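A.B. asks: Here's a structure for you.
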Amino acid sequence: MYLEGKVLELLAVYIDEILREKDTLPREVTLSKTDLTSLWQAKQIVDANLLSPPSLAELSRQICLNEYKLKKGFKQLFGLPVHAYVIDQRLEQSRRLLEEGSVNVTYAASMAGFNNLGQFAEKFRKKYGVNPSAYLKSRGFRTV
């Protein structure tokens, strides 16, 4: 399992490098290569720690980039501020869990790092246009 994880991590780094080489960055991104590398590293750190992401101060220390550049650059490069990106990724994770059909809404919210079920439902509805329980029903699964 450990080796599988490392292979996937290596594959993600490889794909990131290929995308950067093909100049797939938006035209308005005007960051140095060092800043870009640091921001991609920040994204990887956040992706690996979605349930308990580091604070902006800690993340900026880990990638050796000041908080201002981290906040501005992350939003410029990935389209969302760091905190919004974390929430978006958590919602994606919960949606995938719900699509599998083996979990209920409460469990999916909990596994995606949401402690408040009402807040989870509100954010899920805002992103996907439907309540999590209705999403489950639309997939043919019964809500528990």
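Each chain in the structure tokens gets a letter, A, B, ..., in the order shown, and its residues are numbered from 1; ligands are numbered from 1 in order too.
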Could you find all residues in region 38-113 of chain A that DSSP calls helix (DSSP H, G or I) from the backbone, and write them as a PyMOL selection string?
C.D. replies: chain A and resi 38-48+56-63+67-78+82-100+105-111
A.B. asks: Neighbouring residues of region 110-116 of chain A were defined as those with any atom within 9 Å, considering only C-alpha atoms; residues of the same chain fewer than 4 positions away were excluded. Please report them as a PyMOL selection string.
C.D. replies: chain A and resi 50-52+89-94+97+105-106+120-121
A.B. asks: Store the residues picked out above in a file with C-alpha atoms, as a PDB file, in the first residue's frame.
C.D. replies:
ATOM      1  CA  LEU A  50      -7.124  17.762   3.243  1.00  0.00           C
ATOM      2  CA  LEU A  51      -8.513  16.685   6.613  1.00  0.00           C
ATOM      3  CA  SER A  52      -6.093  18.869   8.552  1.00  0.00           C
ATOM      4  CA  GLN A  89     -11.524  19.238  -2.695  1.00  0.00           C
ATOM      5  CA  ARG A  90     -13.357  18.015   0.422  1.00  0.00           C
ATOM      6  CA  LEU A  91     -16.664  18.383  -1.403  1.00  0.00           C
ATOM      7  CA  GLU A  92     -15.270  16.421  -4.345  1.00  0.00           C
ATOM      8  CA  GLN A  93     -14.150  13.692  -1.963  1.00  0.00           C
ATOM      9  CA  SER A  94     -17.575  13.527  -0.313  1.00  0.00           C
ATOM     10  CA  LEU A  97     -18.004   8.687  -1.514  1.00  0.00           C
ATOM     11  CA  VAL A 105     -24.499  11.560   4.018  1.00  0.00           C
ATOM     12  CA  THR A 106     -23.282  11.886   7.612  1.00  0.00           C
ATOM     13  CA  PHE A 120     -21.661  20.513   4.670  1.00  0.00           C
ATOM     14  CA  ALA A 121     -25.162  20.373   3.160  1.00  0.00           C
TER      15      ALA A 121
END
A.B. asks: Which residue gives the smallest distance to Ser55 (chain A) among A:Leu31, A:Val130, A:Leu77, A:Val86, with only C-alpha atoms counted?
C.D. replies: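 Of A:Leu31, A:Val130, A:Leu77, A:Val86, the one nearest Ser55 (chain A) is A:Val86, counting only C-alpha atoms.
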A.B. asks: Write out as a PDB file with C-alpha atoms, in the first residue's frame each polymer residue whose atoms come within 9 Å of Trp40 (chain A), counting only C-alpha atoms; drop sequence neighbours fewer than 4 positions from it.
C.D. replies:
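Result written to around-v2.pdb:
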ATOM      1  CA  ASP A  16       2.467  18.252 -13.225  1.00  0.00           C
ATOM      2  CA  ASP A  35       7.372  30.639  -7.269  1.00  0.00           C
ATOM      3  CA  LEU A  36       5.523  28.225  -9.561  1.00  0.00           C
ATOM      4  CA  GLN A  44       0.583  18.852  -3.175  1.00  0.00           C
ATOM      5  CA  ILE A  45       0.931  19.489   0.566  1.00  0.00           C
ATOM      6  CA  PHE A  74      -2.269  30.129  -5.387  1.00  0.00           C
ATOM      7  CA  LEU A  77      -2.545  29.626 -10.557  1.00  0.00           C
TER       8      LEU A  77
END
A.B. asks: Between CA of Val82 (chain A) and CA of Leu70 (chain A), what is the spacing in Å?
C.D. replies: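 We find that CA of Leu70 (chain A) and CA of Val82 (chain A) lie 8.6 Å from each other.
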A.B. asks: Kindly give the distance, in Å, that separates CA of Lys33 (chain A) and CA of Val7 (chain A), rounded to a single decimal.
C.D. replies: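 One can read the CA of Lys33 (chain A) to CA of Val7 (chain A) distance as 25.1 Å.
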A.B. asks: Report, in Å to a single decimal, how far apart CA of Leu56 (chain A) and CA of Arg125 (chain A) are.
C.D. replies: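 Distance between the two atoms: 27.0 Å.
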